[in-house]
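Enquirer: Just so it is clear, I am handing over entry35.tsv, which has TSV, C-alpha atoms and all ligand atoms.
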```
chain	number	residue	atom	x	y	z
M	1	MET	CA	55.28	54.13	33.21
M	2	ASN	CA	53.79	57.21	31.65
M	3	TYR	CA	51.40	59.37	33.62
M	4	GLU	CA	49.89	62.75	34.18
M	5	LEU	CA	48.57	63.98	37.52
M	6	HIS	CA	46.44	67.11	37.71
M	7	PRO	CA	48.20	69.99	39.53
M	8	HIS	CA	45.35	70.19	42.11
M	9	TYR	CA	45.96	66.56	43.08
M	10	GLN	CA	49.72	66.44	43.55
M	11	HIS	CA	49.19	64.89	46.99
M	12	LEU	CA	47.92	61.79	45.16
M	13	ARG	CA	51.33	61.00	43.69
M	14	PRO	CA	51.75	57.91	45.94
M	15	LEU	CA	48.40	56.64	44.64
M	16	VAL	CA	49.43	57.07	41.01
M	17	ASP	CA	52.90	55.59	41.61
M	18	ASN	CA	51.34	52.43	43.06
M	19	ILE	CA	48.11	52.44	41.13
M	20	GLU	CA	47.97	48.73	40.52
M	21	HIS	CA	48.39	48.03	44.24
M	22	TYR	CA	45.62	50.48	45.22
M	23	PHE	CA	43.33	49.14	42.54
M	24	GLN	CA	43.86	45.52	43.61
M	25	GLN	CA	43.38	46.21	47.30
M	26	SER	CA	40.04	47.98	46.85
M	27	SER	CA	37.01	45.79	47.44
M	28	VAL	CA	34.49	48.34	46.17
M	29	VAL	CA	33.87	47.28	42.60
M	30	LEU	CA	31.60	49.78	40.81
M	31	HIS	CA	31.43	48.08	37.45
M	32	GLN	CA	32.99	44.97	35.97
M	33	ALA	CA	32.65	44.22	32.29
M	34	ARG	CA	35.22	44.83	29.58
M	35	ASN	CA	36.79	47.47	31.80
M	36	GLU	CA	36.74	47.43	35.58
M	37	LEU	CA	36.05	50.37	37.91
M	38	ARG	CA	36.77	50.43	41.62
M	39	VAL	CA	36.46	53.06	44.31
M	40	VAL	CA	39.60	53.92	46.26
M	41	GLU	CA	39.80	56.11	49.35
M	42	PHE	CA	42.90	58.24	49.64
M	43	ALA	CA	43.57	61.13	52.04
M	44	ASP	CA	39.90	61.10	53.10
M	45	GLU	CA	38.49	61.46	49.60
M	46	ALA	CA	36.97	58.87	47.30
M	47	TYR	CA	38.26	58.32	43.76
M	48	VAL	CA	37.25	56.02	40.95
M	49	ILE	CA	39.97	54.07	39.18
M	50	LYS	CA	39.01	52.74	35.76
M	51	ALA	CA	41.29	49.90	34.61
M	52	PHE	CA	41.04	49.48	30.86
M	53	LYS	CA	41.02	46.05	29.31
M	54	ILE	CA	44.41	45.36	27.72
M	55	PRO	CA	43.73	45.76	23.99
M	56	HIS	CA	44.61	43.25	21.29
M	57	LEU	CA	48.08	43.25	19.81
M	58	ILE	CA	47.45	45.70	16.97
M	59	ASN	CA	45.95	48.29	19.29
M	60	ARG	CA	48.65	47.76	21.91
M	61	PHE	CA	51.00	48.93	19.17
M	62	ALA	CA	48.68	51.65	17.85
M	63	TYR	CA	48.01	53.16	21.29
M	64	CYS	CA	51.76	53.39	21.74
M	65	TYR	CA	52.84	54.93	18.47
M	66	LEU	CA	49.82	56.10	16.46
M	67	ARG	CA	47.13	57.37	18.80
M	68	HIS	CA	46.54	58.22	22.43
M	69	SER	CA	45.37	55.47	24.78
M	70	LYS	CA	41.80	55.45	26.09
M	71	ALA	CA	43.17	56.33	29.54
M	72	LYS	CA	44.90	59.45	28.25
M	73	ARG	CA	41.92	60.43	26.11
M	74	SER	CA	39.58	60.03	29.10
M	75	TYR	CA	41.81	62.36	31.09
M	76	ASP	CA	42.29	64.96	28.33
M	77	TYR	CA	38.61	65.02	27.34
M	78	SER	CA	37.40	65.22	30.94
M	79	LEU	CA	39.60	68.27	31.43
M	80	LYS	CA	38.25	69.77	28.25
M	81	LEU	CA	34.65	69.15	29.35
M	82	GLY	CA	35.27	70.55	32.81
M	83	ALA	CA	33.94	69.51	36.22
M	84	GLU	CA	30.48	70.91	35.50
M	85	LEU	CA	29.85	68.26	32.83
M	86	CYS	CA	31.76	65.21	34.10
M	87	PRO	CA	33.39	63.89	37.29
M	88	GLU	CA	36.60	65.80	37.90
M	89	ALA	CA	39.70	64.42	36.14
M	90	VAL	CA	42.54	63.48	38.46
M	91	ALA	CA	45.13	61.44	36.54
M	92	TYR	CA	45.88	58.74	34.02
M	93	SER	CA	48.70	56.24	33.83
M	94	GLU	CA	49.95	53.77	31.26
M	95	SER	CA	52.53	51.02	31.49
M	96	TYR	CA	54.28	49.23	28.68
M	97	LYS	CA	55.69	45.78	28.02
M	98	LYS	CA	58.22	45.29	25.22
M	99	GLY	CA	57.25	48.65	23.73
M	100	LEU	CA	53.53	47.84	23.68
M	101	LEU	CA	50.76	49.30	25.83
M	102	ASP	CA	50.04	47.06	28.80
M	103	LYS	CA	47.94	48.28	31.75
M	104	SER	CA	46.26	51.67	31.67
M	105	TYR	CA	44.17	53.51	34.24
M	106	TYR	CA	42.09	56.64	34.46
M	107	ILE	CA	41.32	58.25	37.83
M	108	SER	CA	38.43	60.63	38.49
M	109	ARG	CA	36.74	62.04	41.59
M	110	HIS	CA	33.98	59.77	42.84
M	111	PHE	CA	30.66	61.38	41.94
M	112	GLN	CA	27.89	60.47	44.36
M	113	TYR	CA	25.00	60.15	41.94
M	114	ASP	CA	21.46	58.93	42.61
M	115	TYR	CA	20.89	56.87	39.45
M	116	THR	CA	21.95	56.67	35.81
M	117	ILE	CA	19.76	57.93	32.97
M	118	ARG	CA	18.85	54.25	32.38
M	119	SER	CA	16.43	54.39	35.35
M	120	VAL	CA	14.79	57.41	33.80
M	121	LEU	CA	14.62	55.99	30.28
M	122	ASN	CA	12.97	52.81	31.53
M	123	HIS	CA	10.58	54.77	33.79
M	124	THR	CA	11.83	53.28	37.07
M	125	ILE	CA	11.91	56.82	38.44
M	126	GLU	CA	8.44	58.06	39.20
M	127	HIS	CA	8.91	61.59	37.85
M	128	TYR	CA	10.73	60.34	34.75
M	129	ALA	CA	8.98	62.72	32.32
M	130	ASP	CA	10.31	65.77	34.16
M	131	VAL	CA	13.86	64.35	34.35
M	132	LEU	CA	13.74	63.41	30.65
M	133	GLN	CA	12.91	67.03	29.80
M	134	GLN	CA	15.82	68.26	31.87
M	135	PHE	CA	18.01	65.64	30.21
M	136	ALA	CA	16.99	67.08	26.82
M	137	GLY	CA	18.13	70.46	28.12
M	138	PHE	CA	21.45	69.04	29.29
M	139	THR	CA	22.06	67.38	25.92
M	140	PHE	CA	21.16	70.60	24.12
M	141	LYS	CA	23.70	72.43	26.28
M	142	LEU	CA	26.42	69.90	25.31
M	143	HIS	CA	25.53	70.24	21.64
M	144	GLU	CA	25.54	74.04	21.77
M	145	LYS	CA	29.02	73.85	23.30
M	146	ASP	CA	30.13	71.85	20.23
M	147	ILE	CA	30.45	68.63	22.24
M	148	LEU	CA	29.50	65.25	20.79
M	149	HIS	CA	29.73	62.30	23.19
M	150	ARG	CA	30.09	59.40	20.80
M	151	ASP	CA	29.18	56.79	23.41
M	152	TYR	CA	25.95	58.42	24.60
M	153	SER	CA	24.32	55.39	26.16
M	154	PRO	CA	22.18	54.79	29.29
M	155	GLY	CA	25.09	53.86	31.62
M	156	ASN	CA	27.13	56.88	30.67
M	157	VAL	CA	24.94	59.66	32.04
M	158	LEU	CA	24.87	60.00	35.83
M	159	VAL	CA	22.01	61.82	37.53
M	160	LYS	CA	21.89	63.55	40.90
M	161	GLU	CA	18.83	65.24	42.29
M	162	GLN	CA	19.46	68.52	44.03
M	163	GLU	CA	17.20	71.19	45.43
M	164	GLU	CA	18.15	73.52	42.59
M	165	GLY	CA	17.25	70.91	39.98
M	166	VAL	CA	18.71	67.80	38.42
M	167	LEU	CA	22.47	67.57	37.90
M	168	PHE	CA	23.77	65.46	35.00
M	169	LYS	CA	27.34	64.32	34.39
M	170	VAL	CA	28.75	62.19	31.58
M	171	VAL	CA	31.33	59.42	31.98
M	172	ASP	CA	33.11	57.07	29.57
M	173	VAL	CA	34.41	60.05	27.64
M	174	ASN	CA	37.22	58.53	25.59
M	175	ARG	CA	35.24	58.91	22.35
M	176	MET	CA	34.39	62.59	22.04
M	177	GLN	CA	34.27	65.01	19.18
M	178	PHE	CA	34.52	68.75	19.55
M	179	LYS	CA	33.07	70.47	16.50
M	180	LYS	CA	30.04	72.39	15.24
M	181	LEU	CA	27.29	69.80	15.07
M	182	THR	CA	24.97	69.27	12.14
M	183	LEU	CA	21.28	68.44	12.75
M	184	LYS	CA	22.07	64.84	11.86
M	185	ASP	CA	24.92	64.71	14.42
M	186	ARG	CA	22.54	66.08	17.04
M	187	LEU	CA	19.66	63.69	16.39
M	188	PHE	CA	21.86	60.64	15.81
M	189	ASN	CA	23.29	61.25	19.26
M	190	PHE	CA	19.98	60.04	20.79
M	191	VAL	CA	19.75	56.71	18.95
M	192	ARG	CA	21.47	54.51	21.52
M	193	LEU	CA	19.32	55.68	24.42
M	194	THR	CA	15.93	54.06	23.90
M	195	GLU	CA	13.87	51.84	21.63
M	196	ASP	CA	10.66	53.31	23.04
M	197	ASP	CA	9.13	55.97	20.80
M	198	ARG	CA	7.10	57.59	23.55
M	199	THR	CA	10.23	58.11	25.67
M	200	LEU	CA	12.08	59.50	22.69
M	201	GLN	CA	9.13	61.80	22.04
M	202	ILE	CA	9.37	63.36	25.50
M	203	ILE	CA	13.08	64.08	24.99
M	204	ILE	CA	12.87	65.28	21.40
M	205	SER	CA	9.83	67.51	21.97
M	206	HIS	CA	11.75	69.50	24.53
M	207	TYR	CA	14.95	69.45	22.46
M	208	ALA	CA	12.98	70.77	19.45
M	209	GLU	CA	11.57	73.57	21.60
M	210	LEU	CA	15.08	74.62	22.58
M	211	MET	CA	16.18	74.47	18.95
M	212	GLN	CA	13.06	76.32	17.88
M	213	ALA	CA	12.38	73.53	15.41
M	214	ASP	CA	9.27	71.60	14.44
M	215	LYS	CA	8.64	68.89	17.07
M	216	ALA	CA	6.87	66.35	14.85
M	217	GLN	CA	9.48	66.63	12.12
M	218	LEU	CA	12.42	66.29	14.50
M	219	LEU	CA	10.84	63.27	16.18
M	220	GLN	CA	10.15	61.58	12.85
M	221	GLN	CA	13.75	62.15	11.79
M	222	THR	CA	15.17	60.88	15.09
M	223	ILE	CA	13.03	57.73	14.96
M	224	ALA	CA	14.24	57.10	11.39
M	225	TYR	CA	17.89	57.44	12.51
M	226	ARG	CA	17.22	55.25	15.56
M	227	ASP	CA	15.66	52.52	13.39
M	228	GLN	CA	18.58	52.74	10.99
M	229	TYR	CA	20.93	52.25	13.96
M	230	LEU	CA	18.90	49.31	15.34
M	231	ASN	CA	18.79	47.57	11.94
M	232	LYS	CA	22.52	47.97	11.49
M	233	ARG	CA	23.16	46.62	14.97
M	234	ALA	CA	20.85	43.64	14.38
M	235	LEU	CA	22.65	42.84	11.14
M	236	LYS	CA	26.05	43.08	12.83
M	237	ASN	CA	24.92	40.72	15.60
M	238	LYS	CA	23.54	38.29	13.03
M	239	LEU	CA	26.82	38.24	11.11
M	240	ARG	CA	28.66	37.60	14.37
M	241	GLY	CA	26.26	34.75	15.12
M	242	ARG	CA	24.91	36.30	18.31
V	301	LIG	N1	33.66	59.24	38.62
V	301	LIG	C1	32.68	58.36	38.83
V	301	LIG	N2	31.91	58.47	39.96
V	301	LIG	C2	30.93	57.57	40.22
V	301	LIG	N3	30.62	56.54	39.41
V	301	LIG	C3	31.33	56.37	38.28
V	301	LIG	C4	32.39	57.28	37.92
V	301	LIG	N4	32.92	56.85	36.75
V	301	LIG	C5	32.21	55.77	36.39
V	301	LIG	N5	31.26	55.46	37.30
V	301	LIG	C6	30.33	54.30	37.28
V	301	LIG	O1	30.92	53.22	36.59
V	301	LIG	C7	30.10	52.85	35.48
V	301	LIG	C8	30.97	52.39	34.33
V	301	LIG	O2	31.87	53.43	33.93
V	301	LIG	P1	32.25	53.64	32.41
V	301	LIG	O3	31.01	53.93	31.64
V	301	LIG	O4	33.35	54.62	32.35
V	301	LIG	O5	32.80	52.18	32.05
V	301	LIG	P2	32.62	51.39	30.66
V	301	LIG	O6	33.68	51.78	29.73
V	301	LIG	O7	31.20	51.53	30.20
V	301	LIG	O8	32.87	49.92	31.00
V	301	LIG	P3	32.54	48.70	29.97
V	301	LIG	O9	32.77	49.21	28.57
V	301	LIG	O10	33.46	47.66	30.42
V	301	LIG	O11	31.07	48.38	30.23
V	301	LIG	C9	29.25	54.08	35.18
V	301	LIG	O12	28.04	53.71	34.57
V	301	LIG	C10	29.03	54.63	36.57
V	301	LIG	O13	27.99	53.91	37.20
V	302	MG	MG	30.02	53.14	30.00
```
Mind turning this structure into C-alpha cells?
Ligand SMILES: Nc1ncnc2c1ncn2[C@@H]1O[C@H](COP(=O)(O)OP(=O)(O)OP(=O)(O)O)[C@@H](O)[C@H]1O
Ligand SMILES: [Mg+2]
Expert:
Amino acid sequence: MNYELHPHYQHLRPLVDNIEHYFQQSSVVLHQARNELRVVEFADEAYVIKAFKIPHLINRFAYCYLRHSKAKRSYDYSLKLGAELCPEAVAYSESYKKGLLDKSYYISRHFQYDYTIRSVLNHTIEHYADVLQQFAGFTFKLHEKDILHRDYSPGNVLVKEQEEGVLFKVVDVNRMQFKKLTLKDRLFNFVRLTEDDRTLQIIISHYAELMQADKAQLLQQTIAYRDQYLNKRALKNKLRGR
C-alpha cells in the first residue's frame, strides 16, 4: 500500500491503515456511480472517503508507472487549492495487485453544504439569480488565481449559505490545470454547467463586469463555445449508440 496522510491528521493513521474496512462498514453512502463516496466518523469528526473505480488494464499500468492515480491527484490538487476553495484534504491511499493499481481512495473532511450548484442552475433555489452572481464571482476568483477546474459540472460545486454570504467549494478535483488562463479557457469553463441561455446570461453578465469586458460579446462567445461542446457531445453519444 502507498499512502500519504496530512500532518494535521496523524491521529487518523488507523483509519488509513484499514481504509477498506472503514469504507465497507459505513452505511452513509453520499454518491454511488462510477466512483463511490461514503461518510465515515472517526474520533468525533466526519470524513468523506471516495473509492475510485478500478480502472481498465492499461490505466492500471499507467497509473502505476506513467502518471499519478486519481486518488493522489485529488489529494495533491486539494492541498494546492487550499481549504478555502475545497473540502480539506486528509489523505489518499493506493493498493496494488501484481504491480498494477488496484483499489484507491481519497479522504477529505466532510463539508456540510446546503445544496450543489445544480439546484441553483435549475432554479430550484428561490433566490437563484443572486447565488448565480456570487457563483460568477467565485469562478472569477478561481480563474484569477490561475486555476482551471477541468470537470466544472453541476455536481462538483458545493454551496453553503452563511450570514456573511454564500460559500462555494469545489470537489472532484483530479483534473485541474494551474496556468494563466486565456479568454477561451475562461469561457469554455462554463460550457458544462447549463443549456439554458438565460441562466448563462446571469452568470456571464456578472463575470464580464468583473473582467471589465463587454457583456453581450462575452455571452455570445460563451454560447458559441457551449453549443460547440453540446454538438460534440451529441456526436460522441451517437457514435457510441446511446
Ligand atoms: N468532502 C465532501 N463533503 C461533502 N460532500 C462531498 C464531499 N466530497 C464529495 N461530496 C459529495 O459527493 C458527490 C460526488 O463527489 P465527486 O464529484 O467527487 O464524485 P464523482 O467523481 O463525480 O463520482 P462519479 O464520477 O462516479 O459520478 C458530490 O457531488 C458531493 O455531493
Ligand atoms: Mg463529480
Enquirer: For atom O4 of ligand LIG 301 (chain V) and atom CA of Val171 of chain M, quote the distance in Å rounded to one decimal.
Expert: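 Between atom O4 of ligand LIG 301 (chain V) and atom CA of Val171 of chain M the gap works out to 5.2 Å.
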Enquirer: Please identify every polymer residue within 7 Å of ligand LIG 301 (chain V), using all atoms listed in the file, and present the set as a list in words.
Expert: Leu30, His31, Gln32, Ala33, Arg34, Asn35, Glu36, Leu37, Tyr47, Val48, Lys50, Pro87, Ser108, Arg109, His110, Phe111, Gln112, Tyr113, Thr116, Gly155, Asn156, Leu158, Val171 and Asp172 of chain M
Enquirer: In Å, how far is it from atom CA of Lys98 of chain M to atom CA of Arg13 of chain M?
Expert: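 Distance between the two atoms: 25.2 Å.
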Enquirer: Between M:Lys103, M:Arg60, M:Lys232, M:Arg150, which residue has the minimum interatomic distance to ligand MG 302 (chain V), considering only C-alpha atoms and all ligand atoms?
Expert: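 Of all the options, M:Arg150 lies closest to ligand MG 302 (chain V).
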Enquirer: Have a look at M:Val40, M:Met176, M:Ala224, M:Met211 and name the one nearest to His21 of chain M; count all atoms listed in the file.
Expert: M:Val40
Enquirer: Compare M:Leu148, M:Leu210, M:Ile117, M:Leu181 by their minimum atom-to-atom distance to ligand MG 302 (chain V), counting only C-alpha atoms and all ligand atoms, and give me the closest one.
Expert: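 Closest residue, counting only C-alpha atoms and all ligand atoms: M:Ile117.
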Enquirer: Would you mind telling me which residue in M:Leu230, M:Ala46, M:Met1, M:Leu101 lies nearest to Arg67 of chain M when using all atoms listed in the file?
Expert: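 Of M:Leu230, M:Ala46, M:Met1, M:Leu101, the one nearest Arg67 of chain M, counting all atoms listed in the file, is M:Leu101.
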